[in-house]
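Trainee: Input my_file_34.cif, format and content: mmCIF, C-alpha atoms.
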```cif
data_model
loop_
_atom_site.group_PDB
_atom_site.id
_atom_site.type_symbol
_atom_site.label_atom_id
_atom_site.label_comp_id
_atom_site.auth_asym_id
_atom_site.auth_seq_id
_atom_site.Cartn_x
_atom_site.Cartn_y
_atom_site.Cartn_z
ATOM 1 C CA MET E 109 82.049 82.950 79.258
ATOM 2 C CA ASP E 110 82.017 82.438 82.996
ATOM 3 C CA PHE E 111 84.087 84.785 85.172
ATOM 4 C CA ASP E 112 86.962 82.882 86.742
ATOM 5 C CA ALA E 113 88.795 85.129 89.227
ATOM 6 C CA LEU E 114 91.609 82.658 89.872
ATOM 7 C CA GLU E 115 92.293 82.157 86.171
ATOM 8 C CA LEU E 116 92.254 85.905 85.664
ATOM 9 C CA LEU E 117 94.806 86.405 88.438
ATOM 10 C CA LEU E 118 97.062 83.703 87.052
ATOM 11 C CA GLN E 119 96.934 85.222 83.568
ATOM 12 C CA ALA E 120 97.613 88.762 84.789
ATOM 13 C CA SER E 121 100.986 90.337 84.150
ATOM 14 C CA LEU E 122 103.648 89.994 86.857
ATOM 15 C CA PRO E 123 103.486 93.654 88.021
ATOM 16 C CA VAL E 124 99.712 93.416 88.421
ATOM 17 C CA GLN E 125 100.051 90.093 90.255
ATOM 18 C CA LEU E 126 102.496 91.720 92.687
ATOM 19 C CA ILE E 127 100.123 94.633 93.228
ATOM 20 C CA LEU E 128 97.214 92.281 93.804
ATOM 21 C CA ALA E 129 99.304 90.268 96.281
ATOM 22 C CA ILE E 130 100.113 93.458 98.217
ATOM 23 C CA LEU E 131 96.441 94.428 98.283
ATOM 24 C CA ILE E 132 95.332 90.967 99.421
ATOM 25 C CA ILE E 133 97.911 91.009 102.232
ATOM 26 C CA ALA E 134 96.755 94.515 103.207
ATOM 27 C CA SER E 135 93.131 93.374 103.219
ATOM 28 C CA ILE E 136 93.861 90.327 105.391
ATOM 29 C CA THR E 137 95.913 92.490 107.756
ATOM 30 C CA SER E 138 93.123 95.030 108.047
ATOM 31 C CA TRP E 139 90.540 92.357 108.881
ATOM 32 C CA VAL E 140 92.803 90.886 111.557
ATOM 33 C CA LEU E 141 93.208 94.371 113.065
ATOM 34 C CA ILE E 142 89.470 95.047 112.790
ATOM 35 C CA PHE E 143 88.534 91.953 114.792
ATOM 36 C CA GLU E 144 91.328 92.492 117.343
ATOM 37 C CA LYS E 145 90.455 96.161 117.847
ATOM 38 C CA TYR E 146 86.731 95.457 117.990
ATOM 39 C CA PHE E 147 87.081 93.033 120.906
ATOM 40 C CA THR E 148 89.691 95.166 122.681
ATOM 41 C CA LEU E 149 87.577 98.324 122.578
ATOM 42 C CA ALA E 150 84.391 96.437 123.408
ATOM 43 C CA ARG E 151 86.021 94.935 126.521
ATOM 44 C CA SER E 152 87.415 98.307 127.630
ATOM 45 C CA THR E 153 84.136 100.106 127.001
ATOM 46 C CA ASP E 154 82.017 97.520 128.815
ATOM 47 C CA ALA E 155 84.315 97.425 131.863
ATOM 48 C CA SER E 156 84.601 101.219 132.036
ATOM 49 C CA HIS E 157 80.858 101.755 131.647
ATOM 50 C CA GLU E 158 80.142 99.155 134.311
ATOM 51 C CA ILE E 159 82.268 100.877 136.953
ATOM 52 C CA GLU E 160 81.002 104.320 135.886
ATOM 53 C CA ASP E 161 77.379 103.177 136.112
ATOM 54 C CA LYS E 162 77.944 101.810 139.613
ATOM 55 C CA PHE E 163 79.491 105.137 140.635
ATOM 56 C CA TRP E 164 76.659 107.240 139.163
ATOM 57 C CA GLU E 165 74.086 104.954 140.793
ATOM 58 C CA GLY E 166 75.533 105.844 144.199
ATOM 59 C CA GLU E 167 77.549 102.772 145.094
ATOM 60 C CA LYS E 168 80.209 103.585 147.673
ATOM 61 C CA ILE E 169 83.598 104.477 146.229
ATOM 62 C CA GLU E 170 85.364 102.447 148.908
ATOM 63 C CA GLU E 171 83.498 99.311 147.889
ATOM 64 C CA LEU E 172 84.280 99.877 144.222
ATOM 65 C CA TYR E 173 87.912 100.483 145.102
ATOM 66 C CA LEU E 174 88.185 97.292 147.157
ATOM 67 C CA SER E 175 86.577 95.206 144.413
ATOM 68 C CA LEU E 176 89.092 96.525 141.888
ATOM 69 C CA LYS E 177 92.116 96.133 144.163
ATOM 70 C CA GLU E 178 91.563 92.395 144.020
ATOM 71 C CA LYS E 179 92.484 92.497 140.335
ATOM 72 C CA ASP E 180 95.899 92.897 138.783
ATOM 73 C CA LEU E 181 96.531 96.491 137.653
ATOM 74 C CA SER E 182 97.398 95.280 134.149
ATOM 75 C CA ASP E 183 93.885 93.826 133.840
ATOM 76 C CA LEU E 184 92.118 97.104 134.641
ATOM 77 C CA GLU E 185 90.458 99.160 131.941
ATOM 78 C CA PRO E 186 90.642 103.023 131.774
ATOM 79 C CA SER E 187 87.910 104.017 134.249
ATOM 80 C CA GLU E 188 88.788 101.161 136.590
ATOM 81 C CA LEU E 189 92.433 102.204 136.616
ATOM 82 C CA ILE E 190 91.443 105.818 137.167
ATOM 83 C CA LEU E 191 89.301 104.951 140.173
ATOM 84 C CA VAL E 192 92.066 102.939 141.847
ATOM 85 C CA SER E 193 94.755 105.523 141.109
ATOM 86 C CA VAL E 194 92.661 108.539 142.130
ATOM 87 C CA TYR E 195 91.536 106.882 145.352
ATOM 88 C CA ASP E 196 95.100 105.903 146.288
ATOM 89 C CA SER E 197 96.394 109.371 145.448
ATOM 90 C CA LEU E 198 93.755 111.368 147.328
ATOM 91 C CA MET E 199 93.455 109.153 150.382
ATOM 92 C CA ASN E 200 97.180 108.811 151.070
ATOM 93 C CA LYS E 201 98.172 112.509 151.195
ATOM 94 C CA ASN E 202 97.422 115.473 153.423
ATOM 95 C CA ASP E 203 97.905 118.702 151.433
ATOM 96 C CA SER E 204 94.531 118.995 149.703
ATOM 97 C CA ALA E 205 95.422 121.624 147.050
ATOM 98 C CA ASN E 206 98.675 120.005 145.957
ATOM 99 C CA ASN E 207 97.044 116.622 146.284
ATOM 100 C CA VAL E 208 94.268 117.467 143.815
ATOM 101 C CA GLU E 209 96.723 119.014 141.379
ATOM 102 C CA SER E 210 99.018 115.999 141.433
ATOM 103 C CA THR E 211 96.022 113.682 141.107
ATOM 104 C CA GLU E 212 94.801 115.555 138.027
ATOM 105 C CA ARG E 213 98.261 115.208 136.494
ATOM 106 C CA LEU E 214 98.169 111.506 137.314
ATOM 107 C CA VAL E 215 94.798 111.177 135.588
ATOM 108 C CA ARG E 216 96.155 112.839 132.453
ATOM 109 C CA VAL E 217 99.102 110.453 132.399
ATOM 110 C CA ILE E 218 96.826 107.436 132.833
ATOM 111 C CA VAL E 219 94.430 108.620 130.138
ATOM 112 C CA ASN E 220 97.266 109.298 127.685
ATOM 113 C CA ARG E 221 98.772 105.879 128.286
ATOM 114 C CA GLU E 222 95.430 104.128 127.931
ATOM 115 C CA GLU E 223 94.617 106.062 124.770
ATOM 116 C CA GLU E 224 97.982 105.086 123.335
ATOM 117 C CA ARG E 225 97.389 101.432 124.244
ATOM 118 C CA LEU E 226 93.887 101.296 122.820
ATOM 119 C CA SER E 227 94.784 103.191 119.645
ATOM 120 C CA LYS E 228 97.652 100.858 118.818
ATOM 121 C CA ASN E 229 97.532 99.826 115.129
ATOM 122 C CA LEU E 230 94.679 102.229 114.345
ATOM 123 C CA SER E 231 97.156 104.223 112.266
ATOM 124 C CA LEU E 232 97.841 101.095 110.216
ATOM 125 C CA LEU E 233 94.136 100.843 109.398
ATOM 126 C CA ALA E 234 94.220 104.490 108.331
ATOM 127 C CA THR E 235 97.269 103.835 106.145
ATOM 128 C CA ILE E 236 95.593 100.870 104.445
ATOM 129 C CA SER E 237 92.370 102.791 103.871
ATOM 130 C CA SER E 238 94.185 105.735 102.278
ATOM 131 C CA SER E 239 96.845 103.877 100.276
ATOM 132 C CA ALA E 240 94.996 100.799 98.967
ATOM 133 C CA PRO E 241 92.966 102.708 96.321
ATOM 134 C CA TYR E 242 96.140 104.268 94.936
ATOM 135 C CA ILE E 243 97.928 100.935 94.848
ATOM 136 C CA GLY E 244 94.915 99.516 93.019
ATOM 137 C CA LEU E 245 95.009 102.509 90.665
ATOM 138 C CA LEU E 246 98.620 101.690 89.868
ATOM 139 C CA GLY E 247 97.541 98.188 88.895
ATOM 140 C CA THR E 248 94.782 99.740 86.784
ATOM 141 C CA VAL E 249 97.259 101.904 84.911
ATOM 142 C CA ILE E 250 99.527 98.928 84.272
ATOM 143 C CA GLY E 251 96.553 96.890 83.059
ATOM 144 C CA ILE E 252 95.512 99.639 80.636
ATOM 145 C CA ILE E 253 99.079 99.871 79.346
ATOM 146 C CA ASN E 254 99.048 96.120 78.771
ATOM 147 C CA ALA E 255 95.764 96.474 76.900
ATOM 148 C CA PHE E 256 97.258 99.076 74.540
ATOM 149 C CA GLN E 257 100.316 96.905 74.064
ATOM 150 C CA GLY E 258 97.955 94.110 73.043
ATOM 151 C CA LEU E 259 96.518 96.420 70.409
ATOM 152 C CA SER E 260 99.945 97.272 69.029
ATOM 153 C CA THR E 261 100.803 93.622 68.435
ATOM 154 C CA THR E 262 97.454 92.708 66.862
ATOM 155 C CA ALA E 263 96.691 93.335 63.227
ATOM 156 C CA GLN E 264 92.935 93.289 63.736
ATOM 157 C CA LEU E 265 91.155 94.955 66.653
ATOM 158 C CA THR E 266 89.161 92.370 68.578
ATOM 159 C CA LEU E 267 87.773 92.130 72.074
ATOM 160 C CA SER E 268 90.096 89.240 72.891
ATOM 161 C CA SER E 269 93.121 91.408 72.179
ATOM 162 C CA VAL E 270 92.278 94.009 74.817
ATOM 163 C CA ALA E 271 90.169 92.014 77.268
ATOM 164 C CA PRO E 272 93.054 90.601 79.383
ATOM 165 C CA GLY E 273 94.584 94.018 80.045
ATOM 166 C CA ILE E 274 91.244 95.667 80.771
ATOM 167 C CA SER E 275 90.189 92.788 83.002
ATOM 168 C CA GLU E 276 93.303 92.920 85.180
ATOM 169 C CA ALA E 277 92.968 96.709 85.336
ATOM 170 C CA LEU E 278 89.402 96.449 86.654
ATOM 171 C CA VAL E 279 90.338 93.663 89.081
ATOM 172 C CA ALA E 280 93.165 95.790 90.506
ATOM 173 C CA THR E 281 90.728 98.666 91.049
ATOM 174 C CA ALA E 282 88.158 96.411 92.690
ATOM 175 C CA VAL E 283 90.652 94.723 95.018
ATOM 176 C CA GLY E 284 92.060 98.106 96.028
ATOM 177 C CA LEU E 285 88.589 99.326 96.981
ATOM 178 C CA LEU E 286 87.760 96.074 98.770
ATOM 179 C CA ALA E 287 90.884 96.516 100.891
ATOM 180 C CA ALA E 288 90.309 100.218 101.563
ATOM 181 C CA ILE E 289 86.583 100.473 102.323
ATOM 182 C CA PRO E 290 86.399 98.131 105.379
ATOM 183 C CA ALA E 291 89.609 99.656 106.784
ATOM 184 C CA LEU E 292 88.219 103.184 106.397
ATOM 185 C CA ILE E 293 84.862 102.350 107.994
ATOM 186 C CA ALA E 294 86.537 100.503 110.868
ATOM 187 C CA TYR E 295 89.050 103.299 111.476
ATOM 188 C CA ASN E 296 86.319 105.935 111.691
ATOM 189 C CA GLN E 297 84.140 103.829 113.979
ATOM 190 C CA PHE E 298 86.980 102.810 116.284
ATOM 191 C CA SER E 299 88.317 106.371 116.502
ATOM 192 C CA LYS E 300 84.877 107.646 117.488
ATOM 193 C CA LYS E 301 84.432 104.860 120.026
ATOM 194 C CA LEU E 302 87.866 105.535 121.524
ATOM 195 C CA ASP E 303 87.169 109.265 121.798
ATOM 196 C CA ASN E 304 83.898 108.568 123.618
ATOM 197 C CA LEU E 305 85.656 106.161 125.974
ATOM 198 C CA ILE E 306 88.448 108.615 126.801
ATOM 199 C CA ASN E 307 86.065 111.555 127.269
ATOM 200 C CA GLY E 308 83.848 109.446 129.506
ATOM 201 C CA SER E 309 86.841 108.411 131.608
ATOM 202 C CA LEU E 310 87.944 112.043 132.007
ATOM 203 C CA ALA E 311 84.463 113.100 133.129
ATOM 204 C CA PHE E 312 84.404 110.165 135.527
ATOM 205 C CA ALA E 313 87.777 111.155 136.972
ATOM 206 C CA GLU E 314 86.634 114.743 137.496
ATOM 207 C CA GLN E 315 83.552 113.701 139.454
ATOM 208 C CA LEU E 316 85.536 111.102 141.342
ATOM 209 C CA ILE E 317 88.008 113.712 142.574
ATOM 210 C CA ILE E 318 85.155 115.984 143.651
ATOM 211 C CA GLN E 319 83.371 113.220 145.550
ATOM 212 C CA ILE E 320 86.480 111.971 147.351
ATOM 213 C CA ASN E 321 87.499 115.514 148.348
ATOM 214 C CA LYS E 322 84.097 116.043 149.986
ATOM 215 C CA LYS E 323 84.930 113.368 152.533
#
```
For this file, produce the structure as structure tokens.
Mentor:
Amino acid sequence: MDFDALELLLQASLPVQLILAILIIASITSWVLIFEKYFTLARSTDASHEIEDKFWEGEKIEELYLSLKEKDLSDLEPSELILVSVYDSLMNKNDSANNVESTERLVRVIVNREEERLSKNLSLLATISSSAPYIGLLGTVIGIINAFQGLSTTAQLTLSSVAPGISEALVATAVGLLAAIPALIAYNQFSKKLDNLINGSLAFAEQLIIQINKK
């Protein structure tokens, strides 16, 4: 007999159908977040690395600053925003010691805000990755219960009497894992990428402050 997933879903008990619907919605949501977060972090990383590379290669800070000032602040990525903010802060004040201290506080505020922006919805991916297997397990338990109920109403034990319950139990497990695994992999990868981006921006800010104070 050919495996027909749609027919199996339609024949599943109502509780299992509801669980499967929740898991499918969770899976679709996670894939939407994965694509959105992938492009967001890739754009931020590329822009930040570009400005950092120009700085490390010896391009003048003033020229980098002027090129970034032409953009809207809301369009700047972490390292770009740090360069503009640090330059404005250090070049527009006189007290060097207090100036550096206030600039470092400004950098921490910027980094925290950018980390919060870029990590938006990452917690939802973590929630899906951790909860989907248990939701699928619930469907599995219900499916097994249905299988035993099929046995209690059947005079003769046959495969057809237990197959529907076992099938929906296995499908619930599989769908739960299919929803959880991509979300877990994506969450771990994005978290690592975000940490590298933030740490790189902090190192960039530190060197930027040192270089500007030498002038």
Trainee: Evaluate the PyMOL selection byres ((chain E and resi 279-288) around 7) on the structure here and hand back the selected residues as a PyMOL selection string.
Mentor: chain E and resi 128+131+134-135+236-238+240-241+243-245+247-248+275-278+289-292
Trainee: Could you check the closest approach to E:Glu209 for each of E:Tyr242, E:Asp183, E:Ile136, E:Ser197 and tell me which residue wins, using all atoms listed in the file?
Mentor: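 The answer is E:Ser197, which sits nearest to E:Glu209.
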Trainee: Rounded to one decimal in Å, what is the spacing between atom CA of E:Lys145 and atom CA of E:Ile127?
Mentor: 26.5 Å
Trainee: Could you give me, as an MDAnalysis selection string, the residues within 12 Å of E:Arg221, counting all atoms listed in the file and dropping anything in the same chain fewer than 4 positions from it?
Mentor: chainID E and resid 185:186 189:190 214:217 225:228 306
Trainee: Figure out the distance between atom CA of E:Ser187 and atom CA of E:Phe163, please, to one decimal in Å.
Mentor: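 Distance between the two atoms: 10.6 Å.
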Trainee: Just the number, please: distance in Å from atom CA of E:Pro123 to atom CA of E:Ser231, one decimal.
Mentor: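 The value is 27.2 Å.
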Trainee: Could you give me, as a list in words, the residues that sit within 6 Å of (86.9, 106.7, 140.2) in the file's coordinates, counting all atoms listed in the file?
Mentor: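 Here the neighbourhood of the point contains Ile190, Leu191, Ala313 and Leu316 of chain E.
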Trainee: Applying 12 Å and only C-alpha atoms, which residues near E:Gln319 remain after dropping the ones on its own chain fewer than 6 positions away? List them as a list in words.
Mentor: Phe163, Trp164, Gly166, Glu167, Lys168, Ile169, Glu170, Leu191, Val194, Tyr195, Leu198, Met199, Val208, Phe312 and Ala313 of chain E
Trainee: My list of candidates is E:Val192, E:Lys322, E:Leu232, E:Ile293. Which is closest to E:Lys179 when distances are computed with all atoms listed in the file?
Mentor: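 For E:Lys179, the nearest of the candidates is E:Val192.
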Trainee: Name the residues captured by the PyMOL selection byres ((chain E and resi 151) around 12) when it is applied to the shown file; answer as a list in words.
Mentor: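 When the PyMOL selection byres ((chain E and resi 151) around 12) is applied, the selected residues are Glu144, Lys145, Tyr146, Phe147, Thr148, Leu149, Ala150, Ser152, Thr153, Asp154, Ala155, Ser156, His157, Glu158, Asp183, Leu184, Glu185, Pro186, Leu226, Lys301, Leu302 and Leu305 of chain E.
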Trainee: Rank nothing, just name the residue among E:Ile317, E:Tyr295, E:Asn304, E:Ala129 nearest to E:Thr235, using all atoms listed in the file.
Mentor: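 Selected residue with least distance to E:Thr235: E:Tyr295.
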Trainee: Between E:Glu314, E:Tyr173, E:Glu224, E:Ile142, single out the one closest to E:Gln297, counting only C-alpha atoms.
Mentor: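 So, comparing all the options, the nearest one is E:Ile142.
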Trainee: Edge lengths and centre in Å to one decimal, as JSON, of the axis-aligned box that encloses all listed atoms of stretch 291-303 of chain E with 3 Å added on every side?
Mentor:
```
{"center_x": 86.9, "center_y": 104.5, "center_z": 114.1, "size_x": 11.5, "size_y": 15.6, "size_z": 21.4}
```
Trainee: Using all atoms listed in the file, which of the listed residues (E:Leu310, E:Asn296, E:Ile133, E:Gln125) sits closest to E:Glu212?
Mentor: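 Closest to E:Glu212, using all atoms listed in the file: E:Leu310.
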Trainee: Would you mind completing stretch 133-167 of chain E so that it carries N, CA and C atoms, and writing it out as a compact mmCIF listing (two decimals), in the coordinates of the input?
Mentor:
```txt
# COMPACT_ATOMS: atom_id res chain seq x y z
N ILE E 133 97.25 91.03 100.92
CA ILE E 133 97.91 91.01 102.23
C ILE E 133 97.40 92.17 103.09
N ALA E 134 97.26 93.35 102.48
CA ALA E 134 96.76 94.52 103.21
C ALA E 134 95.33 94.27 103.69
N SER E 135 94.51 93.65 102.85
CA SER E 135 93.13 93.37 103.22
C SER E 135 93.06 92.38 104.38
N ILE E 136 93.84 91.31 104.31
CA ILE E 136 93.86 90.33 105.39
C ILE E 136 94.33 90.97 106.69
N THR E 137 95.39 91.79 106.58
CA THR E 137 95.91 92.49 107.76
C THR E 137 94.86 93.39 108.38
N SER E 138 94.14 94.11 107.53
CA SER E 138 93.12 95.03 108.05
C SER E 138 92.00 94.28 108.76
N TRP E 139 91.61 93.12 108.24
CA TRP E 139 90.54 92.36 108.88
C TRP E 139 91.00 91.78 110.21
N VAL E 140 92.26 91.36 110.28
CA VAL E 140 92.80 90.89 111.56
C VAL E 140 92.78 92.01 112.59
N LEU E 141 93.21 93.22 112.17
CA LEU E 141 93.21 94.37 113.06
C LEU E 141 91.79 94.78 113.45
N ILE E 142 90.86 94.68 112.51
CA ILE E 142 89.47 95.05 112.79
C ILE E 142 88.89 94.17 113.89
N PHE E 143 89.07 92.86 113.77
CA PHE E 143 88.53 91.95 114.79
C PHE E 143 89.24 92.16 116.14
N GLU E 144 90.57 92.30 116.10
CA GLU E 144 91.33 92.49 117.34
C GLU E 144 90.91 93.78 118.03
N LYS E 145 90.80 94.87 117.26
CA LYS E 145 90.46 96.16 117.85
C LYS E 145 89.00 96.19 118.31
N TYR E 146 88.14 95.50 117.60
CA TYR E 146 86.73 95.46 117.99
C TYR E 146 86.58 94.85 119.39
N PHE E 147 87.22 93.70 119.61
CA PHE E 147 87.08 93.03 120.91
C PHE E 147 87.81 93.79 122.01
N THR E 148 88.95 94.39 121.68
CA THR E 148 89.69 95.17 122.68
C THR E 148 88.89 96.38 123.15
N LEU E 149 88.35 97.14 122.21
CA LEU E 149 87.58 98.32 122.58
C LEU E 149 86.25 97.96 123.24
N ALA E 150 85.65 96.86 122.79
CA ALA E 150 84.39 96.44 123.41
C ALA E 150 84.62 96.05 124.87
N ARG E 151 85.71 95.34 125.14
CA ARG E 151 86.02 94.94 126.52
C ARG E 151 86.30 96.17 127.39
N SER E 152 87.08 97.09 126.87
CA SER E 152 87.42 98.31 127.63
C SER E 152 86.18 99.16 127.89
N THR E 153 85.34 99.29 126.87
CA THR E 153 84.14 100.11 127.00
C THR E 153 83.16 99.50 128.00
N ASP E 154 82.95 98.19 127.90
CA ASP E 154 82.02 97.52 128.82
C ASP E 154 82.48 97.63 130.27
N ALA E 155 83.78 97.37 130.50
CA ALA E 155 84.32 97.42 131.86
C ALA E 155 84.26 98.85 132.42
N SER E 156 84.62 99.83 131.58
CA SER E 156 84.60 101.22 132.04
C SER E 156 83.18 101.69 132.32
N HIS E 157 82.25 101.35 131.44
CA HIS E 157 80.86 101.76 131.65
C HIS E 157 80.26 101.09 132.89
N GLU E 158 80.67 99.87 133.14
CA GLU E 158 80.14 99.16 134.31
C GLU E 158 80.54 99.86 135.61
N ILE E 159 81.81 100.23 135.73
CA ILE E 159 82.27 100.88 136.95
C ILE E 159 81.71 102.30 137.04
N GLU E 160 81.58 102.98 135.89
CA GLU E 160 81.00 104.32 135.89
C GLU E 160 79.53 104.28 136.29
N ASP E 161 78.80 103.30 135.77
CA ASP E 161 77.38 103.18 136.11
C ASP E 161 77.19 102.92 137.61
N LYS E 162 78.03 102.08 138.18
CA LYS E 162 77.94 101.81 139.61
C LYS E 162 78.22 103.09 140.42
N PHE E 163 79.17 103.88 139.96
CA PHE E 163 79.49 105.14 140.64
C PHE E 163 78.32 106.12 140.56
N TRP E 164 77.76 106.29 139.34
CA TRP E 164 76.66 107.24 139.16
C TRP E 164 75.40 106.78 139.89
N GLU E 165 75.26 105.48 140.08
CA GLU E 165 74.09 104.95 140.79
C GLU E 165 74.22 105.07 142.30
N GLY E 166 75.37 105.56 142.78
CA GLY E 166 75.53 105.84 144.20
C GLY E 166 76.24 104.78 145.01
N GLU E 167 76.82 103.79 144.33
CA GLU E 167 77.55 102.77 145.09
C GLU E 167 78.78 103.41 145.73
```
